[in-house]
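One file, work_16.txt, is given below (compact mmCIF, C-alpha atoms).
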# COMPACT_ATOMS: atom_id res chain seq x y z
CA MET A 165 89.39 73.45 -159.66
CA ALA A 166 91.61 74.93 -162.35
CA GLN A 167 93.65 77.97 -161.39
CA PRO A 168 92.50 81.18 -163.18
CA ALA A 169 95.04 82.34 -165.75
CA TRP A 170 95.48 85.70 -164.06
CA GLN A 171 96.58 84.25 -160.75
CA ASP A 172 100.24 83.79 -159.91
CA PRO A 173 101.42 80.17 -159.91
CA VAL A 174 101.46 78.38 -156.56
CA LEU A 175 105.05 77.38 -155.88
CA LEU A 176 105.84 74.38 -153.69
CA ASP A 177 107.13 75.35 -150.26
CA VAL A 178 110.42 73.65 -149.37
CA ASP A 179 109.05 72.89 -145.92
CA THR A 180 106.21 70.78 -147.38
CA ALA A 181 108.61 68.13 -148.72
CA PRO A 182 108.18 64.84 -146.78
CA VAL A 183 111.62 64.55 -145.18
CA PRO A 184 112.86 60.97 -144.56
CA GLU A 185 112.57 59.55 -141.03
CA TYR A 186 116.23 59.90 -140.16
CA GLY A 187 116.95 58.68 -136.64
CA SER A 188 113.81 56.61 -136.17
CA GLY A 189 112.73 54.87 -139.36
CA SER A 190 115.13 55.22 -142.29
CA LEU A 191 117.48 52.78 -144.03
CA ALA A 192 120.36 54.38 -142.13
CA ASP A 193 118.77 53.17 -138.88
CA LEU A 194 118.42 49.51 -139.83
CA LEU A 195 121.86 47.98 -139.23
CA PRO A 196 122.59 50.04 -136.10
CA THR A 197 119.35 48.71 -134.63
CA LEU A 198 120.16 45.11 -135.54
CA VAL A 199 123.73 45.11 -134.20
CA ALA A 200 122.69 46.99 -131.05
CA GLY A 201 120.44 44.00 -130.37
CA GLN A 202 123.45 41.73 -130.87
CA GLY A 203 125.46 43.60 -128.26
CA VAL A 204 127.87 45.44 -130.56
CA PRO A 205 129.25 48.42 -128.59
CA GLY A 206 128.54 51.97 -129.69
CA PHE A 207 125.18 51.38 -131.36
CA THR A 208 121.62 52.26 -130.37
CA ALA A 209 118.39 50.63 -131.52
CA THR A 210 116.91 53.62 -133.32
CA ILE A 211 114.03 51.69 -134.95
CA PRO A 212 112.29 50.83 -131.67
CA GLU A 213 109.73 48.50 -133.26
CA LEU A 214 112.34 45.84 -134.10
CA ALA A 215 112.95 43.04 -131.58
CA PRO A 216 116.54 41.77 -131.20
CA ALA A 217 117.71 38.53 -132.80
CA ASP A 218 120.98 36.60 -132.54
CA ARG A 219 121.13 36.11 -136.29
CA ASN A 220 120.09 38.86 -138.68
CA CYS A 221 119.80 38.72 -142.46
CA VAL A 222 119.04 41.70 -144.70
CA PHE A 223 117.84 40.94 -148.23
CA LEU A 224 117.86 44.17 -150.26
CA ILE A 225 115.91 44.10 -153.51
CA ASP A 226 117.04 47.00 -155.68
CA GLY A 227 114.12 49.14 -156.86
CA LEU A 228 111.24 47.37 -155.11
CA GLY A 229 109.42 50.02 -153.12
CA TRP A 230 106.55 49.66 -150.69
CA GLU A 231 103.95 50.94 -153.14
CA GLN A 232 105.03 48.44 -155.81
CA ILE A 233 104.54 45.47 -153.46
CA LYS A 234 101.15 46.78 -152.37
CA ALA A 235 100.04 47.13 -155.99
CA HIS A 236 101.06 43.60 -157.10
CA PRO A 237 99.57 40.93 -154.84
CA ASP A 238 99.25 38.44 -157.71
CA GLU A 239 102.86 38.73 -158.89
CA ALA A 240 104.33 38.85 -155.37
CA PRO A 241 102.05 36.75 -153.15
CA PHE A 242 104.75 35.95 -150.58
CA LEU A 243 106.07 39.50 -150.22
CA HIS A 244 102.53 40.89 -150.20
CA SER A 245 101.56 38.48 -147.42
CA LEU A 246 104.40 39.89 -145.32
CA LEU A 247 103.24 43.53 -145.51
CA PRO A 248 101.63 43.35 -142.03
CA THR A 249 105.00 42.26 -140.56
CA SER A 250 106.80 45.36 -141.82
CA ARG A 251 108.64 47.53 -139.31
CA GLY A 252 108.24 45.21 -136.38
CA GLY A 253 104.66 44.17 -137.07
CA THR A 254 103.29 47.72 -137.38
CA GLY A 255 102.53 47.22 -141.07
CA ARG A 256 104.39 50.43 -141.88
CA PRO A 257 107.27 51.11 -144.27
CA VAL A 258 110.55 52.88 -143.58
CA THR A 259 112.07 55.65 -145.69
CA ALA A 260 115.02 55.39 -148.04
CA GLY A 261 116.63 58.78 -147.47
CA PHE A 262 117.20 61.60 -149.93
CA PRO A 263 117.87 61.21 -152.71
CA ALA A 264 116.17 57.84 -153.12
CA THR A 265 118.90 56.35 -155.28
CA THR A 266 121.09 53.26 -155.09
CA ALA A 267 124.52 54.66 -154.20
CA THR A 268 123.07 56.91 -151.51
CA SER A 269 120.84 54.21 -150.03
CA LEU A 270 123.48 51.47 -150.00
CA ALA A 271 125.87 53.83 -148.24
CA SER A 272 123.15 54.65 -145.70
CA VAL A 273 122.50 50.95 -145.08
CA GLY A 274 126.14 49.97 -144.78
CA THR A 275 127.44 52.88 -142.73
CA GLY A 276 124.35 53.39 -140.61
CA ARG A 277 124.58 57.10 -141.40
CA PRO A 278 122.41 59.52 -143.38
CA PRO A 279 123.71 61.07 -146.62
CA GLY A 280 124.91 64.26 -144.98
CA GLU A 281 127.37 62.20 -142.96
CA HIS A 282 128.48 59.39 -145.28
CA GLY A 283 128.86 61.84 -148.14
CA LEU A 284 127.20 60.10 -151.09
CA PRO A 285 124.32 62.57 -151.47
CA GLY A 286 123.31 61.80 -155.03
CA TYR A 287 123.83 59.83 -158.22
CA THR A 288 126.35 62.39 -159.44
CA VAL A 289 127.70 65.24 -157.30
CA ARG A 290 130.46 67.80 -157.65
CA ASP A 291 133.81 67.03 -156.06
CA PRO A 292 134.74 70.35 -154.41
CA ASP A 293 138.44 69.49 -154.69
CA THR A 294 138.43 69.02 -158.47
CA GLY A 295 135.29 70.78 -159.64
CA GLU A 296 134.29 67.65 -161.58
CA LEU A 297 131.10 65.64 -161.35
CA MET A 298 131.63 62.39 -159.47
CA ASN A 299 129.40 59.43 -160.38
CA GLN A 300 129.09 57.63 -157.05
CA LEU A 301 127.50 54.49 -158.49
CA ARG A 302 130.15 53.91 -161.18
CA TRP A 303 132.89 55.72 -159.19
CA GLN A 304 133.95 57.85 -162.14
CA PRO A 305 136.32 59.64 -162.15
CA TRP A 306 138.20 57.43 -159.72
CA THR A 307 138.54 59.00 -156.29
CA PRO A 308 140.27 57.47 -153.23
CA PRO A 309 137.36 55.63 -151.56
CA ALA A 310 138.53 56.09 -147.96
CA VAL A 311 138.88 59.83 -148.55
CA TRP A 312 135.45 60.17 -150.13
CA GLN A 313 133.73 58.09 -147.39
CA PRO A 314 135.96 57.69 -144.32
CA HIS A 315 133.48 56.29 -141.80
CA PRO A 316 133.74 52.57 -140.94
CA THR A 317 130.88 50.35 -142.03
CA VAL A 318 128.55 48.69 -139.54
CA PHE A 319 129.66 45.36 -141.00
CA ALA A 320 133.30 46.05 -140.14
CA LEU A 321 132.46 47.17 -136.60
CA ALA A 322 130.19 44.19 -136.02
CA ASP A 323 132.83 41.79 -137.36
CA ALA A 324 135.43 43.31 -135.03
CA ALA A 325 133.02 42.76 -132.13
CA GLY A 326 132.75 39.03 -132.87
CA VAL A 327 129.60 38.92 -135.01
CA ARG A 328 129.99 36.52 -137.97
CA THR A 329 129.49 38.91 -140.86
CA ALA A 330 129.06 38.25 -144.58
CA GLN A 331 127.86 39.84 -147.81
CA VAL A 332 126.46 37.59 -150.54
CA SER A 333 126.13 39.30 -153.90
CA ALA A 334 127.17 39.15 -157.56
CA PRO A 335 130.92 38.44 -157.92
CA ALA A 336 131.38 41.65 -159.95
CA PHE A 337 130.59 43.76 -156.90
CA GLU A 338 133.35 42.34 -154.69
CA ARG A 339 136.05 44.91 -155.43
CA THR A 340 134.04 47.96 -156.45
CA PRO A 341 134.73 51.21 -154.59
CA LEU A 342 131.04 51.47 -153.64
CA THR A 343 131.22 48.07 -151.96
CA GLN A 344 134.43 49.13 -150.24
CA VAL A 345 132.96 52.31 -148.74
CA ALA A 346 129.46 51.02 -148.01
CA LEU A 347 129.30 47.25 -147.63
CA SER A 348 132.74 45.93 -146.67
CA GLY A 349 133.59 44.06 -143.47
CA GLY A 350 133.58 40.35 -142.78
CA THR A 351 133.45 37.92 -145.70
CA PHE A 352 132.32 38.67 -149.26
CA LEU A 353 130.86 35.68 -151.10
CA GLY A 354 130.19 36.13 -154.80
CA ARG A 355 127.43 34.02 -156.34
CA LEU A 356 125.99 34.43 -159.81
CA THR A 357 122.37 33.33 -159.44
CA GLY A 358 119.74 34.54 -157.05
CA GLU A 359 119.07 30.99 -155.90
CA GLU A 360 122.72 30.50 -154.99
CA ARG A 361 122.73 33.74 -153.04
CA MET A 362 119.69 32.71 -151.01
CA ASP A 363 121.19 29.33 -150.17
CA VAL A 364 124.59 30.73 -149.22
CA ALA A 365 123.01 33.52 -147.17
CA ALA A 366 121.12 30.93 -145.13
CA GLU A 367 124.30 28.89 -144.66
CA ARG A 368 126.27 31.91 -143.47
CA LEU A 369 123.50 32.93 -141.13
CA ALA A 370 123.75 29.54 -139.43
CA ALA A 371 127.56 29.66 -139.26
CA GLY A 372 127.74 31.91 -136.22
CA ASP A 373 126.09 32.09 -132.84
CA ARG A 374 125.72 35.80 -133.65
CA SER A 375 125.64 36.56 -137.36
CA LEU A 376 124.88 39.41 -139.73
CA VAL A 377 124.36 38.58 -143.41
CA TYR A 378 123.51 40.92 -146.29
CA THR A 379 122.38 39.78 -149.72
CA TYR A 380 121.24 41.70 -152.76
CA TYR A 381 119.33 41.36 -156.05
CA SER A 382 119.48 44.03 -158.77
CA GLU A 383 117.34 42.92 -161.71
CA VAL A 384 114.00 44.34 -160.52
CA ASP A 385 115.55 47.78 -160.72
CA ALA A 386 117.28 47.10 -164.04
CA ASN A 387 114.06 46.01 -165.73
CA GLY A 388 112.15 48.92 -164.22
CA HIS A 389 114.60 51.42 -165.67
CA ARG A 390 114.61 49.78 -169.08
CA PHE A 391 110.98 48.76 -169.51
CA GLY A 392 109.07 50.47 -166.70
CA VAL A 393 107.23 49.12 -163.67
CA ASP A 394 104.14 48.68 -165.85
CA SER A 395 105.85 46.12 -168.09
CA ASP A 396 105.73 42.35 -168.39
CA ALA A 397 109.51 42.22 -167.99
CA TRP A 398 109.33 44.03 -164.65
CA ARG A 399 106.44 41.89 -163.43
CA GLY A 400 108.36 38.77 -164.41
CA GLN A 401 111.29 39.89 -162.27
CA LEU A 402 108.93 40.62 -159.39
CA MET A 403 107.58 37.08 -159.59
CA HIS A 404 111.11 35.72 -159.63
CA VAL A 405 112.30 37.70 -156.62
CA ASP A 406 109.16 36.77 -154.71
CA GLY A 407 110.25 33.14 -155.09
CA LEU A 408 113.78 33.99 -153.98
CA ALA A 409 112.51 35.65 -150.82
CA ARG A 410 110.37 32.62 -150.01
CA ARG A 411 113.34 30.32 -150.66
CA LEU A 412 115.49 32.22 -148.17
CA ALA A 413 112.74 32.47 -145.57
CA GLU A 414 112.19 28.72 -145.65
CA GLN A 415 115.87 28.06 -144.84
CA LEU A 416 116.30 30.34 -141.83
CA PRO A 417 118.23 28.70 -138.99
CA PRO A 418 116.93 29.03 -135.42
CA ARG A 419 117.02 32.40 -133.63
CA SER A 420 117.04 34.30 -136.92
CA ALA A 421 115.32 37.39 -138.27
CA LEU A 422 115.12 38.05 -142.01
CA TYR A 423 114.45 41.62 -143.14
CA ILE A 424 113.45 42.21 -146.76
CA THR A 425 113.89 45.80 -147.85
CA ALA A 426 114.82 47.99 -150.83
CA ASP A 427 116.88 51.05 -151.67
CA HIS A 428 114.05 53.01 -153.34
CA GLY A 429 110.82 52.64 -155.27
CA MET A 430 110.24 53.62 -158.89
CA ILE A 431 107.84 55.56 -161.08
CA ASP A 432 107.28 55.44 -164.86
CA ILE A 433 107.61 58.79 -166.63
CA PRO A 434 105.77 59.35 -169.95
CA PHE A 435 107.80 60.30 -173.00
CA ASP A 436 106.32 63.72 -173.66
CA GLU A 437 107.59 67.28 -173.38
CA ARG A 438 105.45 68.07 -170.35
CA SER A 439 106.80 65.09 -168.37
CA ARG A 440 110.42 65.24 -169.56
CA ILE A 441 112.05 68.66 -169.40
CA ASP A 442 115.33 68.61 -171.32
CA PHE A 443 117.95 70.74 -169.56
CA ASP A 444 120.24 70.55 -172.59
CA GLU A 445 117.56 72.18 -174.74
CA ASP A 446 116.28 74.75 -172.21
CA TRP A 447 118.23 78.03 -172.27
CA GLU A 448 116.46 79.37 -169.17
CA LEU A 449 117.46 76.43 -166.97
CA ARG A 450 121.00 76.39 -168.37
CA ALA A 451 121.66 80.08 -167.69
CA GLY A 452 124.30 80.51 -165.02
CA VAL A 453 124.70 76.75 -164.47
CA ALA A 454 128.23 75.34 -164.46
CA LEU A 455 127.33 71.69 -163.77
CA LEU A 456 124.13 69.65 -163.62
CA GLY A 457 124.34 66.75 -161.17
CA GLY A 458 122.05 64.25 -159.51
CA GLU A 459 119.46 62.52 -161.68
CA GLY A 460 116.15 63.31 -163.33
CA ARG A 461 113.99 63.47 -160.20
CA ALA A 462 116.63 64.73 -157.75
CA ARG A 463 118.91 67.35 -159.28
CA HIS A 464 122.00 69.01 -157.83
CA VAL A 465 122.58 72.28 -159.70
CA TYR A 466 125.99 73.94 -159.43
CA ALA A 467 126.03 77.59 -160.41
CA VAL A 468 128.74 79.71 -161.95
CA PRO A 469 130.31 81.63 -159.02
CA GLY A 470 128.18 84.67 -158.28
CA ALA A 471 125.10 83.34 -160.11
CA GLU A 472 123.72 81.20 -157.28
CA ASN A 473 120.78 83.46 -156.41
CA ASP A 474 119.85 84.01 -160.05
CA VAL A 475 119.87 80.26 -160.78
CA LEU A 476 117.71 79.59 -157.73
CA ALA A 477 115.23 82.26 -158.78
CA VAL A 478 114.95 80.94 -162.35
CA TRP A 479 114.66 77.30 -161.36
CA ARG A 480 112.03 78.17 -158.79
CA GLU A 481 110.07 80.25 -161.32
CA VAL A 482 110.23 77.64 -164.10
CA LEU A 483 109.87 74.46 -162.05
CA GLY A 484 108.50 75.48 -158.66
CA GLU A 485 104.98 74.17 -159.31
CA GLN A 486 106.30 70.67 -160.05
CA PHE A 487 109.50 70.46 -157.98
CA TRP A 488 110.52 71.38 -154.48
CA VAL A 489 113.33 73.81 -155.37
CA ALA A 490 115.68 74.74 -152.54
CA SER A 491 118.99 76.45 -152.08
CA ARG A 492 121.74 74.37 -150.52
CA ASP A 493 121.20 76.05 -147.16
CA GLU A 494 117.43 75.59 -147.34
CA ALA A 495 117.75 71.89 -148.17
CA ILE A 496 120.20 71.39 -145.33
CA GLU A 497 118.06 73.35 -142.88
CA ALA A 498 114.98 71.33 -143.89
CA GLY A 499 116.86 68.11 -143.11
CA TRP A 500 116.73 66.61 -146.60
CA PHE A 501 120.15 64.99 -146.20
CA GLY A 502 119.88 64.23 -142.48
CA PRO A 503 120.19 66.16 -139.24
CA THR A 504 123.90 66.94 -139.65
CA ILE A 505 126.18 67.64 -142.61
CA ASP A 506 129.88 66.76 -142.42
CA GLU A 507 132.11 69.62 -143.55
CA ARG A 508 133.56 67.57 -146.41
CA VAL A 509 130.01 66.90 -147.73
CA HIS A 510 128.73 70.48 -147.74
CA GLY A 511 130.20 71.44 -151.11
CA ARG A 512 129.01 68.23 -152.76
CA ILE A 513 125.41 69.36 -152.38
CA GLY A 514 124.14 71.57 -155.20
CA ASP A 515 123.85 75.33 -154.92
CA VAL A 516 120.26 74.52 -155.90
CA VAL A 517 118.55 71.19 -155.17
CA ALA A 518 115.40 70.25 -157.10
CA ALA A 519 113.25 67.29 -155.98
CA ALA A 520 110.30 66.20 -158.10
CA HIS A 521 106.78 66.44 -156.70
CA ASP A 522 104.86 65.61 -159.90
CA ASP A 523 105.38 62.82 -162.44
CA VAL A 524 108.13 64.72 -164.20
CA VAL A 525 111.92 64.56 -164.72
CA ILE A 526 114.67 66.91 -165.81
CA THR A 527 116.60 65.01 -168.46
CA ALA A 528 119.87 65.93 -170.18
CA SER A 529 119.61 64.36 -173.62
CA VAL A 530 123.13 65.33 -174.76
CA ASN A 531 125.16 64.74 -171.61
CA GLU A 532 123.08 61.90 -170.11
CA PRO A 533 121.67 59.97 -173.09
CA HIS A 534 121.43 56.63 -171.27
CA GLU A 535 119.73 58.01 -168.17
CA SER A 536 117.44 60.22 -170.26
CA ALA A 537 116.13 57.20 -172.16
CA MET A 538 115.01 55.31 -169.05
CA VAL A 539 111.32 54.54 -168.58
CA GLY A 540 111.35 54.04 -164.80
CA MET A 541 112.87 56.76 -162.64
CA HIS A 542 113.43 57.51 -158.95
CA GLY A 543 115.27 59.85 -156.60
CA SER A 544 112.77 62.19 -154.99
CA MET A 545 110.72 62.20 -151.77
CA THR A 546 107.32 61.11 -153.07
CA PRO A 547 105.86 58.01 -151.36
CA THR A 548 106.31 55.92 -154.51
CA GLU A 549 110.08 56.50 -154.45
CA GLN A 550 110.76 57.07 -150.79
CA LEU A 551 108.81 54.38 -148.94
CA VAL A 552 110.50 50.98 -148.77
CA PRO A 553 109.46 47.75 -147.06
CA LEU A 554 110.98 46.29 -143.93
CA LEU A 555 109.29 42.91 -144.13
CA GLU A 556 110.18 40.41 -141.43
CA VAL A 557 110.34 36.63 -141.08
CA ARG A 558 111.51 35.02 -137.83
CA SER A 559 112.47 31.48 -136.96

Take the structure in the file and write it out as structure tokens.
Amino acid sequence: MAQPAWQDPVLLDVDTAPVPEYGSGSLADLLPTLVAGQGVPGFTATIPELAPADRNCVFLIDGLGWEQIKAHPDEAPFLHSLLPTSRGGTGRPVTAGFPATTATSLASVGTGRPPGEHGLPGYTVRDPDTGELMNQLRWQPWTPPAVWQPHPTVFALADAAGVRTAQVSAPAFERTPLTQVALSGGTFLGRLTGEERMDVAAERLAAGDRSLVYTYYSEVDANGHRFGVDSDAWRGQLMHVDGLARRLAEQLPPRSALYITADHGMIDIPFDERSRIDFDEDWELRAGVALLGGEGRARHVYAVPGAENDVLAVWREVLGEQFWVASRDEAIEAGWFGPTIDERVHGRIGDVVAAAHDDVVITASVNEPHESAMVGMHGSMTPTEQLVPLLEVRS
């Protein structure tokens, strides 16, 4: 029923946001669970549904959420057939973590820690030491990686404990700061094609009595951003990656478990004024704002000193029917970034954090022209973005 015009708008309560399953069923819990089963000291199996295996392989498909697999049985027959195996045969997904974006999720996977601990809590966030926005995917401006994210990766700790560890990805990723802080440890093997990566991943899995192998494919996400998840280009990539997953599964050595997952899902946003709110053209939203961080569906808003409460009030009034709008303290208290926040991470989180509930984004046409032109978007806590598969094949 439509709301009568005379009634006040119903604002979304921060506490109604579906917080990720940190500590029991998030991406940050995956590698700790796997290496705990391999006997690596200091780790606990926090996803209790997963049975241990001597050899573990994680295949992360960028941008392929749970809802997308469910909706495309014809394009992804192999992946769709594995849905009942997800999360230890429960047929349930896991959660990406907030925000549901690549840099944050890869850091959660590789460190085994939620965003509030590893410190990559968004696509772009303010560096409290410089006052500048830091793009954590492109690592611009350059920041010392070990200072920005000082925790050791699970790969490094597993390798030190005698597990044969490898990452198989595109050669261009070998020396990136994001790889260094999130996915380093053991051996990096660069391979150009998806087929090569699947073959090498299987070989590396067989190379150790205990092994941990990670491999990655990015083009599903790239085509979703450019053309949308309702495009032939995206569906073509889904068909291709379905074949890659089958290729890897068919080569598993004995005593192996393959886990197929993703860093986030994706949603297409219409190109109209109601669905795309342009921060750079909206004087109300700009008032009192020093920096706009994050991305369209998960914004970090940094206020001019002294204007924090005013910015929160305006953003809540303007956007509160479509976004969960929280102060930094409210978002932390609600557990959006995990149960604990490292001191160095606190100031990276926005004075105001806005997470999309509806099919809407906050663009910045002048300062973020590339991102603002994307068809497919992600970042928030809706099921389409947040739920990711944990499909399993065992040998």

- Spatial neighbours of segment 231-244 of chain A, max dist 7 Å, all atoms listed in the file, sep filter under 3 positions, as JSON, numbers by chain: {"A": [228, 247, 399, 402, 403, 406, 410, 548]}

Go ahead and write the residues just picked, C-alpha atoms, as an mmCIF file, in the frame of the given file.
data_model
loop_
_atom_site.group_PDB
_atom_site.id
_atom_site.type_symbol
_atom_site.label_atom_id
_atom_site.label_comp_id
_atom_site.auth_asym_id
_atom_site.auth_seq_id
_atom_site.Cartn_x
_atom_site.Cartn_y
_atom_site.Cartn_z
ATOM 1 C CA LEU A 228 111.240 47.370 -155.110
ATOM 2 C CA LEU A 247 103.240 43.530 -145.510
ATOM 3 C CA ARG A 399 106.440 41.890 -163.430
ATOM 4 C CA LEU A 402 108.930 40.620 -159.390
ATOM 5 C CA MET A 403 107.580 37.080 -159.590
ATOM 6 C CA ASP A 406 109.160 36.770 -154.710
ATOM 7 C CA ARG A 410 110.370 32.620 -150.010
ATOM 8 C CA THR A 548 106.310 55.920 -154.510
#

- Task: Point out the residue among A:Gly452, A:Gly388, A:Gly358, A:Pro212 with the least atom-to-atom distance to Gly407 of chain A, counting all atoms listed in the file.
- Result: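 Among A:Gly452, A:Gly388, A:Gly358, A:Pro212, it is A:Gly358 that comes nearest to Gly407 of chain A.
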
- Between atom CA of Phe319 of chain A and atom CA of Gly201 of chain A, what is the distance, to one decimal in Å?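 That distance, rounded to one decimal, is 14.1 Å.
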
Considering only C-alpha atoms, tabulate each residue of segment 252-313 of chain A that lies at most 12 Å from segment 375-380 of chain A along with its nearest interatomic pair and the corresponding distance in Å to one decimal; arrange the rows by chain and ascending residue number and present them as CSV.
residue,atom,partner,partner_atom,distance
A:Thr266,CA,A:Tyr380,CA,11.8
A:Leu270,CA,A:Tyr380,CA,10.4
A:Val273,CA,A:Tyr378,CA,10.2
A:Gly274,CA,A:Tyr378,CA,9.5

- Item | Residues within 12 Å of segment 359-370 of chain A, all atoms listed in the file, excluding chain neighbours under 5 positions, as a ChimeraX atom specification | /A:217-224,327-335,350-354,375-381,404-422,559

Expected file contents, prior selection, C-alpha atoms, as a JSON list (two decimals), keeping the file's coordinate frame:
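Listed below is the output, again.json:
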[["chain", "number", "residue", "atom", "x", "y", "z"],
["A", 217, "ALA", "CA", 117.71, 38.53, -132.80],
["A", 218, "ASP", "CA", 120.98, 36.60, -132.54],
["A", 219, "ARG", "CA", 121.13, 36.11, -136.29],
["A", 220, "ASN", "CA", 120.09, 38.86, -138.68],
["A", 221, "CYS", "CA", 119.80, 38.72, -142.46],
["A", 222, "VAL", "CA", 119.04, 41.70, -144.70],
["A", 223, "PHE", "CA", 117.84, 40.94, -148.23],
["A", 224, "LEU", "CA", 117.86, 44.17, -150.26],
["A", 327, "VAL", "CA", 129.60, 38.92, -135.01],
["A", 328, "ARG", "CA", 129.99, 36.52, -137.97],
["A", 329, "THR", "CA", 129.49, 38.91, -140.86],
["A", 330, "ALA", "CA", 129.06, 38.25, -144.58],
["A", 331, "GLN", "CA", 127.86, 39.84, -147.81],
["A", 332, "VAL", "CA", 126.46, 37.59, -150.54],
["A", 333, "SER", "CA", 126.13, 39.30, -153.90],
["A", 334, "ALA", "CA", 127.17, 39.15, -157.56],
["A", 335, "PRO", "CA", 130.92, 38.44, -157.92],
["A", 350, "GLY", "CA", 133.58, 40.35, -142.78],
["A", 351, "THR", "CA", 133.45, 37.92, -145.70],
["A", 352, "PHE", "CA", 132.32, 38.67, -149.26],
["A", 353, "LEU", "CA", 130.86, 35.68, -151.10],
["A", 354, "GLY", "CA", 130.19, 36.13, -154.80],
["A", 375, "SER", "CA", 125.64, 36.56, -137.36],
["A", 376, "LEU", "CA", 124.88, 39.41, -139.73],
["A", 377, "VAL", "CA", 124.36, 38.58, -143.41],
["A", 378, "TYR", "CA", 123.51, 40.92, -146.29],
["A", 379, "THR", "CA", 122.38, 39.78, -149.72],
["A", 380, "TYR", "CA", 121.24, 41.70, -152.76],
["A", 381, "TYR", "CA", 119.33, 41.36, -156.05],
["A", 404, "HIS", "CA", 111.11, 35.72, -159.63],
["A", 405, "VAL", "CA", 112.30, 37.70, -156.62],
["A", 406, "ASP", "CA", 109.16, 36.77, -154.71],
["A", 407, "GLY", "CA", 110.25, 33.14, -155.09],
["A", 408, "LEU", "CA", 113.78, 33.99, -153.98],
["A", 409, "ALA", "CA", 112.51, 35.65, -150.82],
["A", 410, "ARG", "CA", 110.37, 32.62, -150.01],
["A", 411, "ARG", "CA", 113.34, 30.32, -150.66],
["A", 412, "LEU", "CA", 115.49, 32.22, -148.17],
["A", 413, "ALA", "CA", 112.74, 32.47, -145.57],
["A", 414, "GLU", "CA", 112.19, 28.72, -145.65],
["A", 415, "GLN", "CA", 115.87, 28.06, -144.84],
["A", 416, "LEU", "CA", 116.30, 30.34, -141.83],
["A", 417, "PRO", "CA", 118.23, 28.70, -138.99],
["A", 418, "PRO", "CA", 116.93, 29.03, -135.42],
["A", 419, "ARG", "CA", 117.02, 32.40, -133.63],
["A", 420, "SER", "CA", 117.04, 34.30, -136.92],
["A", 421, "ALA", "CA", 115.32, 37.39, -138.27],
["A", 422, "LEU", "CA", 115.12, 38.05, -142.01],
["A", 559, "SER", "CA", 112.47, 31.48, -136.96]]

- Message: Between atom CA of Ala200 of chain A and atom CA of Glu185 of chain A, what distance in Å does the model show, to one decimal?
- Response: 19.0 Å

Given all atoms listed in the file, how would the per-residue table for segment 369-436 of chain A near segment 459-473 of chain A read, listing every residue at most 12 Å away with its closest atom pair and distance in Å to one decimal, sorted by chain and number, as JSON lines?
{"residue": "A:Met430", "atom": "CA", "partner": "A:Arg461", "partner_atom": "CA", "distance": 10.6}
{"residue": "A:Ile431", "atom": "CA", "partner": "A:Arg461", "partner_atom": "CA", "distance": 10.1}
{"residue": "A:Asp432", "atom": "CA", "partner": "A:Arg461", "partner_atom": "CA", "distance": 11.5}
{"residue": "A:Ile433", "atom": "CA", "partner": "A:Arg461", "partner_atom": "CA", "distance": 10.2}

- Task: Tell me, in Å to one decimal, how far atom CA of Asp179 of chain A is from atom CA of Ala498 of chain A.
- Result: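 Between atom CA of Asp179 of chain A and atom CA of Ala498 of chain A the gap works out to 6.5 Å.
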
- Query: In terms of the shortest atom-to-atom distance over all atoms listed in the file, which of A:Leu284, A:Leu195, A:Leu214, A:Ala454 is closest to Val509 of chain A?
  - Reply: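 Nearest candidate to Val509 of chain A out of A:Leu284, A:Leu195, A:Leu214, A:Ala454: A:Leu284.
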
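If only C-alpha atoms are the atoms counted, then among A:Gly276, A:Gly372, A:Pro173, A:Pro182 the closest residue to His521 of chain A is A:Pro182.
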
- Query: Which of these residues is nearest to Gly540 of chain A, using all atoms listed in the file: A:Arg438, A:Gly227, A:Pro553, A:Arg302?
  - Reply: A:Gly227

- Task: Counting all atoms listed in the file, figure out which residue out of A:Val174, A:Ala371, A:Ala271, A:Val384 gets nearest to Gln300 of chain A.
- Result: A:Ala271
